[in-house]
file run34.tsv (TSV, C-alpha atoms)
chain	number	residue	atom	x	y	z
C	179	MET	CA	17.74	58.69	-50.06
C	180	LYS	CA	16.61	58.59	-46.44
C	181	ILE	CA	16.51	61.40	-43.90
C	182	HIS	CA	16.17	61.45	-40.12
C	183	GLU	CA	12.90	61.71	-38.22
C	184	TYR	CA	13.52	65.30	-37.10
C	185	GLN	CA	14.24	66.37	-40.69
C	186	GLY	CA	11.10	64.64	-41.96
C	187	LYS	CA	9.02	66.30	-39.27
C	188	GLN	CA	10.24	69.72	-40.33
C	189	ILE	CA	9.04	68.99	-43.86
C	190	LEU	CA	5.68	67.80	-42.54
C	191	HIS	CA	5.42	71.00	-40.50
C	192	ASP	CA	6.07	73.03	-43.64
C	193	PHE	CA	3.06	71.26	-45.20
C	194	ASN	CA	0.83	72.00	-42.18
C	195	VAL	CA	0.88	68.52	-40.67
C	196	PRO	CA	0.96	68.80	-36.84
C	197	ILE	CA	4.11	67.23	-35.37
C	198	GLN	CA	5.67	66.26	-32.08
C	199	ASP	CA	8.48	68.80	-32.06
C	200	GLY	CA	11.67	69.37	-30.13
C	201	TYR	CA	15.39	70.05	-30.51
C	202	ILE	CA	18.25	68.00	-31.87
C	203	LEU	CA	21.34	67.28	-29.74
C	204	GLU	CA	24.77	66.09	-30.90
C	205	ASP	CA	27.03	67.28	-28.06
C	206	ILE	CA	26.40	65.70	-24.64
C	207	ASN	CA	27.81	68.84	-23.01
C	208	LEU	CA	24.70	70.68	-24.24
C	209	ALA	CA	22.26	68.08	-22.91
C	210	GLU	CA	21.12	69.97	-19.81
C	211	GLU	CA	20.59	73.18	-21.76
C	212	THR	CA	18.67	71.38	-24.53
C	213	ILE	CA	16.37	69.48	-22.16
C	214	LYS	CA	15.53	72.65	-20.25
C	215	ARG	CA	14.88	74.45	-23.53
C	216	VAL	CA	12.36	71.79	-24.59
C	217	GLN	CA	10.66	71.93	-21.19
C	218	THR	CA	10.43	75.72	-21.34
C	219	ASP	CA	9.52	76.22	-24.99
C	220	PHE	CA	6.86	73.49	-25.02
C	221	ASN	CA	5.65	74.12	-21.48
C	222	THR	CA	6.19	70.54	-20.37
C	223	THR	CA	7.95	68.63	-17.61
C	224	ASP	CA	8.07	65.27	-19.35
C	225	VAL	CA	9.97	64.80	-22.61
C	226	VAL	CA	10.90	61.98	-24.98
C	227	VAL	CA	14.51	61.20	-25.92
C	228	LYS	CA	14.72	59.66	-29.41
C	229	ALA	CA	17.76	58.22	-31.18
C	230	GLN	CA	18.14	59.44	-34.76
C	231	ILE	CA	19.28	56.62	-37.07
C	232	HIS	CA	18.12	55.42	-40.48
C	233	ALA	CA	16.27	52.35	-39.20
C	234	GLY	CA	12.95	51.39	-37.70
C	235	GLY	CA	12.37	49.62	-34.41
C	236	ARG	CA	14.25	52.21	-32.38
C	237	GLY	CA	11.89	51.93	-29.43
C	238	LYS	CA	12.23	48.18	-29.06
C	239	GLY	CA	16.00	48.56	-29.32
C	240	GLY	CA	16.12	51.02	-26.43
C	241	GLY	CA	16.55	54.12	-28.55
C	242	VAL	CA	13.33	55.91	-27.55
C	243	LYS	CA	12.73	56.72	-23.90
C	244	TYR	CA	9.88	58.56	-22.19
C	245	SER	CA	11.28	60.80	-19.48
C	246	PRO	CA	8.91	62.14	-16.81
C	247	ASP	CA	11.36	64.73	-15.42
C	248	PHE	CA	14.66	66.50	-16.02
C	249	LYS	CA	16.80	63.98	-14.12
C	250	THR	CA	15.40	61.01	-16.07
C	251	ALA	CA	15.70	62.88	-19.36
C	252	LEU	CA	19.37	63.64	-18.71
C	253	GLU	CA	20.09	60.03	-17.78
C	254	ASN	CA	18.31	58.72	-20.89
C	255	THR	CA	20.12	61.22	-23.10
C	256	LYS	CA	23.51	60.13	-21.75
C	257	ASN	CA	22.61	56.48	-22.30
C	258	ILE	CA	21.30	56.89	-25.85
C	259	LEU	CA	23.69	59.44	-27.39
C	260	GLY	CA	26.71	57.48	-28.60
C	261	MET	CA	25.17	54.05	-28.06
C	262	ASN	CA	25.29	51.31	-30.69
C	263	LEU	CA	21.60	50.79	-31.41
C	264	ILE	CA	20.56	47.38	-32.71
C	265	THR	CA	17.09	46.96	-34.24
C	266	HIS	CA	15.47	44.48	-36.61
C	267	GLN	CA	16.43	46.80	-39.47
C	268	THR	CA	20.08	47.49	-38.57
C	269	GLY	CA	21.27	43.91	-38.44
C	270	SER	CA	23.51	42.57	-35.69
C	271	GLU	CA	26.15	45.25	-36.31
C	272	GLY	CA	23.76	48.03	-35.27
C	273	LYS	CA	24.17	51.77	-35.88
C	274	LYS	CA	25.92	54.35	-33.73
C	275	VAL	CA	23.64	57.11	-32.45
C	276	ASN	CA	25.26	60.47	-33.26
C	277	LYS	CA	22.12	62.56	-32.73
C	278	VAL	CA	19.20	62.47	-30.33
C	279	TYR	CA	15.92	64.33	-30.74
C	280	ILE	CA	14.51	65.61	-27.45
C	281	THR	CA	10.82	66.28	-27.91
C	282	GLU	CA	7.66	67.24	-26.13
C	283	ALA	CA	5.56	64.37	-24.75
C	284	PHE	CA	1.85	63.78	-25.32
C	285	ASP	CA	-0.87	61.89	-23.46
C	286	ILE	CA	-1.89	59.42	-26.16
C	287	LYS	CA	-5.48	58.25	-26.55
C	288	LYS	CA	-5.12	56.24	-29.77
C	289	GLU	CA	-2.40	55.35	-32.29
C	290	TYR	CA	-2.88	55.10	-36.06
C	291	TYR	CA	-0.79	54.27	-39.10
C	292	ALA	CA	-0.60	56.34	-42.30
C	293	ALA	CA	1.69	55.90	-45.29
C	294	ILE	CA	1.97	56.72	-48.99
C	295	THR	CA	4.09	54.99	-51.61
C	296	LEU	CA	4.01	53.94	-55.26
C	297	ASP	CA	2.13	50.78	-56.19
C	298	ARG	CA	4.12	49.75	-59.26
C	299	SER	CA	1.66	47.00	-60.20
C	300	LYS	CA	-1.13	49.57	-60.64
C	301	LYS	CA	1.15	52.46	-61.67
C	302	MET	CA	-0.62	54.57	-59.06
C	303	ASP	CA	0.19	55.97	-55.64
C	304	VAL	CA	-1.36	54.06	-52.75
C	305	PHE	CA	-2.39	55.74	-49.48
C	306	MET	CA	-2.64	53.22	-46.62
C	307	VAL	CA	-4.10	53.84	-43.18
C	308	SER	CA	-4.84	51.58	-40.23
C	309	THR	CA	-6.22	51.81	-36.71
C	310	GLU	CA	-3.33	49.55	-35.68
C	311	GLY	CA	-0.65	52.20	-35.29
C	312	GLY	CA	2.56	51.95	-33.29
C	313	VAL	CA	3.34	48.40	-34.46
C	314	ASN	CA	5.05	46.91	-37.51
C	315	ILE	CA	2.65	47.29	-40.42
C	316	GLU	CA	4.02	44.02	-41.81
C	317	ASP	CA	2.53	42.20	-38.81
C	318	VAL	CA	-0.82	43.90	-39.35
C	319	ALA	CA	-0.79	42.98	-43.04
C	320	LYS	CA	-0.03	39.35	-42.18
C	321	ASN	CA	-2.37	38.85	-39.22
C	322	THR	CA	-5.25	41.29	-39.74
C	323	PRO	CA	-5.09	42.61	-43.34
C	324	GLU	CA	-8.70	43.81	-43.12
C	325	LYS	CA	-7.48	46.54	-40.76
C	326	ILE	CA	-5.47	48.22	-43.53
C	327	ILE	CA	-7.50	50.61	-45.69
C	328	LYS	CA	-6.08	51.51	-49.09
C	329	ILE	CA	-6.91	54.25	-51.60
C	330	TRP	CA	-5.21	54.45	-55.00
C	331	ILE	CA	-4.48	57.89	-56.42
C	332	ASP	CA	-3.80	58.97	-59.98
C	333	PRO	CA	-0.24	60.34	-59.78
C	334	MET	CA	-1.26	63.16	-62.11
C	335	SER	CA	-3.68	64.53	-59.49
C	336	TYR	CA	-3.87	65.16	-55.75
C	337	LEU	CA	-5.84	63.41	-53.00
C	338	GLU	CA	-9.49	64.33	-53.48
C	339	ASP	CA	-11.85	65.33	-50.67
C	340	GLN	CA	-13.89	62.14	-50.99
C	341	GLN	CA	-10.79	59.95	-50.94
C	342	ALA	CA	-9.48	61.72	-47.84
C	343	SER	CA	-12.91	61.41	-46.24
C	344	ASP	CA	-12.98	57.66	-46.95
C	345	LEU	CA	-9.60	57.24	-45.27
C	346	ALA	CA	-10.51	59.40	-42.27
C	347	ASN	CA	-13.85	57.64	-41.79
C	348	GLY	CA	-12.05	54.32	-42.00
C	349	LEU	CA	-9.95	55.40	-39.04
C	350	GLY	CA	-13.12	56.17	-37.10
C	351	PHE	CA	-12.70	59.92	-36.75
C	352	LYS	CA	-15.84	61.96	-36.14
C	353	GLY	CA	-16.85	65.61	-35.81
C	354	LYS	CA	-13.98	68.07	-35.42
C	355	LEU	CA	-11.38	65.32	-35.64
C	356	LEU	CA	-12.87	64.08	-38.92
C	357	ASP	CA	-12.48	67.52	-40.51
C	358	GLU	CA	-8.98	67.90	-39.06
C	359	SER	CA	-7.85	64.45	-40.21
C	360	ILE	CA	-9.10	65.07	-43.77
C	361	LYS	CA	-6.94	68.21	-43.98
C	362	ILE	CA	-3.93	66.36	-42.54
C	363	LEU	CA	-4.25	63.45	-44.99
C	364	LYS	CA	-4.55	65.83	-47.94
C	365	ASN	CA	-1.50	67.76	-46.73
C	366	MET	CA	0.42	64.49	-46.34
C	367	TYR	CA	-0.23	63.61	-49.97
C	368	LYS	CA	0.67	67.12	-51.16
C	369	CYS	CA	3.95	66.77	-49.26
C	370	TYR	CA	4.58	63.35	-50.81
C	371	LYS	CA	3.87	64.56	-54.33
C	372	ASP	CA	5.49	67.99	-54.26
C	373	MET	CA	8.70	66.74	-52.64
C	374	ASP	CA	9.14	63.71	-54.94
C	375	ILE	CA	8.99	61.29	-52.02
C	376	SER	CA	8.98	57.55	-52.69
C	377	LEU	CA	7.78	56.59	-49.18
C	378	LEU	CA	6.15	58.78	-46.56
C	379	GLU	CA	5.20	56.91	-43.39
C	380	ILE	CA	3.82	58.23	-40.09
C	381	ASN	CA	3.76	55.51	-37.46
C	382	PRO	CA	2.22	56.41	-35.20
C	383	LEU	CA	-0.13	59.21	-36.06
C	384	VAL	CA	-1.87	59.79	-32.74
C	385	GLU	CA	-4.97	61.27	-31.21
C	386	THR	CA	-4.03	62.94	-27.94
C	387	MET	CA	-6.12	63.02	-24.80
C	388	GLN	CA	-6.58	66.74	-25.52
C	389	GLY	CA	-8.29	65.91	-28.83
C	390	ASN	CA	-5.52	66.74	-31.30
C	391	ILE	CA	-4.01	64.71	-34.13
C	392	VAL	CA	-0.20	64.68	-34.15
C	393	ALA	CA	2.54	62.94	-36.14
C	394	LEU	CA	4.73	61.23	-33.53
C	395	ASP	CA	7.18	59.82	-36.05
C	396	ALA	CA	8.16	60.41	-39.67
C	397	LYS	CA	9.89	58.14	-42.16
C	398	PHE	CA	10.90	59.60	-45.52
C	399	ASN	CA	12.50	58.00	-48.56
C	400	PHE	CA	13.19	60.20	-51.60
C	401	ASP	CA	13.44	59.40	-55.29
C	402	ASP	CA	17.17	59.92	-55.91
C	403	ASN	CA	16.49	60.82	-59.54
C	404	ALA	CA	14.42	63.83	-58.45
C	405	LEU	CA	16.80	65.25	-55.86
C	406	PHE	CA	18.13	67.81	-58.35
C	407	ARG	CA	14.78	69.57	-57.87
C	408	HIS	CA	15.26	69.72	-54.08
C	409	LYS	CA	18.67	71.13	-53.31
C	410	GLU	CA	17.58	71.87	-49.73
C	411	ILE	CA	17.04	68.15	-49.10
call {"tool": "encode", "arguments": {"input": "run34.tsv", "output": "structure tokens"}}
result
Amino acid sequence: MKIHEYQGKQILHDFNVPIQDGYILEDINLAEETIKRVQTDFNTTDVVVKAQIHAGGRGKGGGVKYSPDFKTALENTKNILGMNLITHQTGSEGKKVNKVYITEAFDIKKEYYAAITLDRSKKMDVFMVSTEGGVNIEDVAKNTPEKIIKIWIDPMSYLEDQQASDLANGLGFKGKLLDESIKILKNMYKCYKDMDISLLEINPLVETMQGNIVALDAKFNFDDNALFRHKEI
């Protein structure tokens, strides 16, 4: 089972992973109120309007728009909510956008990739990270596979400090950001394991110009056979 980005981000937040947050909108008549609420609550003028569908490639399809001011945000919201969004994962028929997520915006210094899934061939979980965030990981794997760092984890245990450190060092984090990233990666794996997730992907995980690490996106797939343990999902 898949869930939307905003729902995945709430789960990440519950596991102490910093997120790009905002408010969900389904009724265009509430657009002005929602945009102003984001600007006020997150102390920002610029926002991002993000279509919520179960498919990747939303940005390239026109479903994610940076909005430097209220007027632009309102225009983008009206254009995206209700649109038929076509991406490389929806097929030519596309998907109708019934929800948009209006979020705070960040000044981005660097984008990274982080994901966890099950490696069936090894019967272990694999944690993958890359400095090439914000792009299709398939392209990175094909063209520059050396830029993907992998750690395999015994599914009977959690991500160890040394494993998290290896991943964080592989991303090039140093000092305060190294310590912060280790905690985030460990919390990511705890979220993956405790929630019976089959795929947890953050693309991109970013370093902001202010020196913070934030999950800008969140893709979650759940093991359907374990959903009886997670009624809230």
call {"tool": "closest_atom_pairs", "arguments": {"input": "run34.tsv", "of": "region 239-295 of chain C", "to": "region 186-203 of chain C", "cutoff": "7 Å", "atoms": "all atoms listed in the file", "output": "CSV"}}
result
residue,atom,partner,partner_atom,distance
C:Lys277,CA,C:Leu203,CA,5.6
C:Val278,CA,C:Leu203,CA,5.3
C:Tyr279,CA,C:Ile202,CA,4.5
C:Ile280,CA,C:Gly200,CA,5.4
C:Thr281,CA,C:Gly200,CA,3.9
C:Glu282,CA,C:Gly200,CA,6.1
call {"tool": "residues_around", "arguments": {"input": "run34.tsv", "residues": "region 372-386 of chain C", "least_positions_apart": "3", "cutoff": "6 Å", "atoms": "all atoms listed in the file", "output": "list in words"}}
result
Asp285, Ile286, Lys287, Lys288, Glu289, Tyr290, Tyr291, Ala292, Ala293, Ile294, Thr295, Gly311, Gly312, Lys368, Cys369, Gly389, Asn390, Ile391, Val392, Ala393, Leu394, Asp395, Ala396, Lys397, Phe398, Asn399, Phe400 and Asp401 of chain C
call {"tool": "closest_residue", "arguments": {"input": "run34.tsv", "among": "C:Glu211, C:Glu271, C:Asp332, C:Glu410", "to": "Lys300 (chain C)", "atoms": "all atoms listed in the file"}}
result
C:Asp332
call {"tool": "atom_distance", "arguments": {"input": "run34.tsv", "atom1": "CA of Thr255 (chain C)", "atom2": "CA of Gln267 (chain C)"}}
result
22.1 Å
call {"tool": "residues_around", "arguments": {"input": "run34.tsv", "residues": "region 215-231 of chain C", "least_positions_apart": "4", "cutoff": "9 Å", "atoms": "only C-alpha atoms", "output": "number ranges by chain"}}
result
C: 181-184, 199-201, 210-211, 236-237, 240-248, 251, 254-255, 258-259, 263, 273-284
call {"tool": "atom_distance", "arguments": {"input": "run34.tsv", "atom1": "CA of Lys325 (chain C)", "atom2": "CA of Ile264 (chain C)"}}
result
29.2 Å
